[in-house]
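Asks: One structure coming up, written as structure tokens, with questions to follow.
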Amino acid sequence: MPFRIHPKSLWQATSRLATVSRVTNQTPHWIRQYAAPTMEQRNRTAIVTGSSRGIGKAIALRLAQDGYDVCVNDVPANKSGAEEVVSEIKGMGRKSFSYMADVSNLQEVQGLVEASVSELGALNTMVANAGIAQVKALLDLTEQDLRRMFEVNVYGVYNCYSTAAKQMIKQGNGGKILGAASIVAFKPFALLSHYSASKWAVRGMTQAFAMEMATHKITVNAYAPGIVGTAMWDLIDEELGKMKGAKKGDTIKKYSSELIALGRTSVPEDVSNTVSFLSSPDSDYMTGQTIVIDGGIIFT
Ligand code: NAD
């Protein structure tokens with residue numbers, strides 16, 4: 001069984017370990033110093049959209065572990081999943097509640113931000129994570145396919161960015177705004193043209209908005225996952241498989257082994273680790289960036 005130490009117990013043990021290392025005159029290589037969170041860090045709040053499952057769920061749980069109170073958002077069809085995430089967060093001793101809203105609808109996003117502020121307090125971090133994918137050749141796309149992709153992945157991010165920023169400006173203490181891009185914002189995948197275009201849009205909007213928000217001490221960054229084993233990739237795997245005559249599960253295996261330098265499919269926690277950093281004071285001097293977390297598929 002691997003030897004695991006909970007970070008909290010490590011931190012609590014720091015003074016005892018310091019004594020041990022004086023005695024032996026050697027610092028064991030696994031000792032890390034954990035700074036005690038400030039009151040401000042203990043009372044942070046975040047909204048994570050599309051967080052009933054997948055990457056959003058991992059982000060919501062990680063931010064709760066980092067000391068955030070978290071508003072869990074998703075569409076009504078995923079309410080039960082959202083409620084489970086809320087229970088897990090409460091089990092970690094943080095405040096949480098779920099709020100169902102379609103991010104493509106500006107009024108619903110305004111309701112989401114208002115509810116979060118009224119339930120949890122001032123908004124510190126917005127993670128515009130919700131997104132959809134569709135596998136279809138560009139020549140087969142309907143106008144409705146293209147429209148829905150942009151309504152969720154681009155208008156949805158715009159709705160979250162702008163509504164959160166207005167709230168943060170009113171509060172006057174800066175903030176962190178994050179959006180879900182993808183590696184396809186750097187190098188598109190064939191048969192995912194409208195999805196790829198939507199993620200390029202997120203990357204571009206993140207850069208421009210970062211410049212506009214700098215005077216308000218609000219940083220705006222995006223994260224770009226690679227091939228993460230979530231419901232979204234189940235769909236991509238199945239649809240690409242149908243087109244290329246591959247069995248279910250074979251496409252993601254093939255892409256993972258052929259494209260990813262680190263040789264394994266990503267898990268949501270690979271992404272939430274980076275989002276944790278982008279939501280923490282350690283990233284205060286970063287803005288307008290789209291950070292790739294893909295195990296080494298594309299290189300920026
Ligand atoms: P997922 O499909 O597992 O989860 C997405 C969540 O967003 C779902 O719970 C869904 O109900 C919710 N959602 C969809 N439309 C919504 C809307 N209009 N309003 C509110 N919620 C909505 O996907 P995932 O893999 O966890 O992806 C999360 C984000 O990361 C997406 O933006 C996706 O494009 C991006 N991404 C994923 C991958 C990957 O490999 N899975 C790679 C790159 C980028």
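By order in the structure tokens, chains are A, B, ...; within a chain, residues start at 1; ligands start at 1, following the order shown.
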Taking only C-alpha atoms and all ligand atoms into account, which residues are within 6 Å of ligand 1, as a PyMOL selection string?
Replies: chain A and resi 49-56+74-75+78+101-104+129-132+152+180-182+224-233
Asks: For Val184 (chain A), list every protein, DNA or RNA residue within 10 Å, evaluated using only C-alpha atoms, and leave out those in the same chain fewer than 2 positions away; present the list as a PyMOL selection string.
Replies: chain A and resi 181-182+186-190+192-193+195-200+224-226+298
Asks: Got a sec: who's within 12 Å of Phe277 (chain A), counting only C-alpha atoms, leaving out chain neighbours fewer than 2 positions off, as a ChimeraX atom specification?
Replies: /A:59,62-63,66,176,178,221-223,270-275,279-286,291
Asks: Filtering to C-alpha atoms, could you give me those residues as a PDB file, in the first residue's frame?
Replies:
ATOM      1  CA  ILE A  59     -12.610  21.592  -9.523  1.00  0.00           C
ATOM      2  CA  ARG A  62     -10.510  20.821  -4.986  1.00  0.00           C
ATOM      3  CA  LEU A  63     -11.506  24.440  -4.338  1.00  0.00           C
ATOM      4  CA  ASP A  66      -8.397  24.720  -0.657  1.00  0.00           C
ATOM      5  CA  LYS A 176     -10.149  35.559 -10.270  1.00  0.00           C
ATOM      6  CA  LEU A 178     -11.298  31.351 -15.182  1.00  0.00           C
ATOM      7  CA  ASN A 221      -7.073  33.027 -17.256  1.00  0.00           C
ATOM      8  CA  ALA A 222      -8.160  29.836 -18.979  1.00  0.00           C
ATOM      9  CA  TYR A 223      -7.199  26.190 -18.613  1.00  0.00           C
ATOM     10  CA  ASP A 270      -4.919  16.695 -13.415  1.00  0.00           C
ATOM     11  CA  VAL A 271      -6.955  19.731 -14.423  1.00  0.00           C
ATOM     12  CA  SER A 272      -8.270  20.696 -10.983  1.00  0.00           C
ATOM     13  CA  ASN A 273      -4.693  20.835  -9.644  1.00  0.00           C
ATOM     14  CA  THR A 274      -3.915  23.620 -12.114  1.00  0.00           C
ATOM     15  CA  VAL A 275      -7.237  25.372 -11.525  1.00  0.00           C
ATOM     16  CA  SER A 279      -7.508  30.323  -8.102  1.00  0.00           C
ATOM     17  CA  SER A 280      -4.834  30.923  -5.467  1.00  0.00           C
ATOM     18  CA  PRO A 281      -2.692  33.960  -4.618  1.00  0.00           C
ATOM     19  CA  ASP A 282       0.297  32.089  -6.114  1.00  0.00           C
ATOM     20  CA  SER A 283      -0.994  33.029  -9.584  1.00  0.00           C
ATOM     21  CA  ASP A 284      -1.686  36.694  -8.786  1.00  0.00           C
ATOM     22  CA  TYR A 285       0.881  37.898 -11.342  1.00  0.00           C
ATOM     23  CA  MET A 286      -0.597  35.830 -14.197  1.00  0.00           C
ATOM     24  CA  ILE A 291      -2.583  26.989 -19.504  1.00  0.00           C
TER      25      ILE A 291
END
Asks: Could you find all residues in region 136-191 of chain A that DSSP calls helix (DSSP H, G or I) from the backbone, and write them as an MDAnalysis selection string?
Replies: chainID A and resid 138:140 143:171 183:185
Asks: Selected residues, C-alpha atoms, written as a JSON list (two decimals), in the first residue's frame, please.
Replies:
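Output (out-v9.json):
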[["chain", "number", "residue", "atom", "x", "y", "z"],
["A", 138, "LEU", "CA", -18.00, 20.62, -40.98],
["A", 139, "LEU", "CA", -19.92, 19.93, -44.21],
["A", 140, "ASP", "CA", -22.64, 18.15, -42.20],
["A", 143, "GLU", "CA", -26.87, 26.17, -38.43],
["A", 144, "GLN", "CA", -28.44, 24.98, -35.18],
["A", 145, "ASP", "CA", -25.36, 22.77, -34.38],
["A", 146, "LEU", "CA", -23.08, 25.76, -34.78],
["A", 147, "ARG", "CA", -25.39, 28.09, -32.88],
["A", 148, "ARG", "CA", -25.81, 25.79, -29.86],
["A", 149, "MET", "CA", -22.05, 25.16, -29.65],
["A", 150, "PHE", "CA", -21.40, 28.89, -29.50],
["A", 151, "GLU", "CA", -24.36, 29.59, -27.20],
["A", 152, "VAL", "CA", -22.95, 27.29, -24.50],
["A", 153, "ASN", "CA", -19.18, 27.42, -25.04],
["A", 154, "VAL", "CA", -18.77, 31.09, -26.00],
["A", 155, "TYR", "CA", -21.88, 33.04, -24.90],
["A", 156, "GLY", "CA", -21.87, 30.87, -21.75],
["A", 157, "VAL", "CA", -18.32, 31.91, -20.94],
["A", 158, "TYR", "CA", -19.07, 35.54, -21.83],
["A", 159, "ASN", "CA", -22.15, 35.50, -19.55],
["A", 160, "CYS", "CA", -20.10, 34.11, -16.66],
["A", 161, "TYR", "CA", -17.07, 36.36, -17.24],
["A", 162, "SER", "CA", -19.06, 39.58, -17.55],
["A", 163, "THR", "CA", -21.57, 38.94, -14.76],
["A", 164, "ALA", "CA", -18.86, 37.82, -12.32],
["A", 165, "ALA", "CA", -16.64, 40.78, -13.25],
["A", 166, "LYS", "CA", -19.47, 43.29, -12.64],
["A", 167, "GLN", "CA", -20.02, 41.76, -9.19],
["A", 168, "MET", "CA", -16.29, 41.80, -8.39],
["A", 169, "ILE", "CA", -15.92, 45.42, -9.53],
["A", 170, "LYS", "CA", -18.82, 46.35, -7.22],
["A", 171, "GLN", "CA", -17.09, 44.55, -4.34],
["A", 183, "ILE", "CA", -5.92, 21.93, -26.48],
["A", 184, "VAL", "CA", -8.11, 22.39, -29.56],
["A", 185, "ALA", "CA", -7.77, 26.15, -28.89]]
Asks: If you run DSSP over the backbone, which residues in region 45-284 of chain A end up strand (DSSP E)? Put them as a PyMOL selection string.
Replies: chain A and resi 45-48+68-74+96-100+125-128+175-180+218-225
Asks: May I ask which of the residues A:Ala214, A:Ala82, A:Leu112, A:Val127 is the closest one to Ser276 (chain A), counting only C-alpha atoms?
Replies: A:Val127
Asks: Please, what distance in Å, to one decimal, runs between CA of Leu240 (chain A) and CA of Gln134 (chain A)?
Replies: 10.1 Å
Asks: Considering only C-alpha atoms, state which residue in the set A:Ala201, A:Ile293, A:Leu191, A:Val267 is at the smallest distance from Ala133 (chain A).
Replies: A:Leu191
Asks: Between CA of Val72 (chain A) and CA of Val117 (chain A), what distance in Å does the model show, to one decimal?
Replies: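 Result for CA of Val72 (chain A) versus CA of Val117 (chain A): 12.9 Å, one decimal.
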Asks: Just the number, please: distance in Å from CA of Val70 (chain A) to CA of Gln289 (chain A), one decimal.
Replies: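 Computing it gives 23.7 Å between the two atoms.
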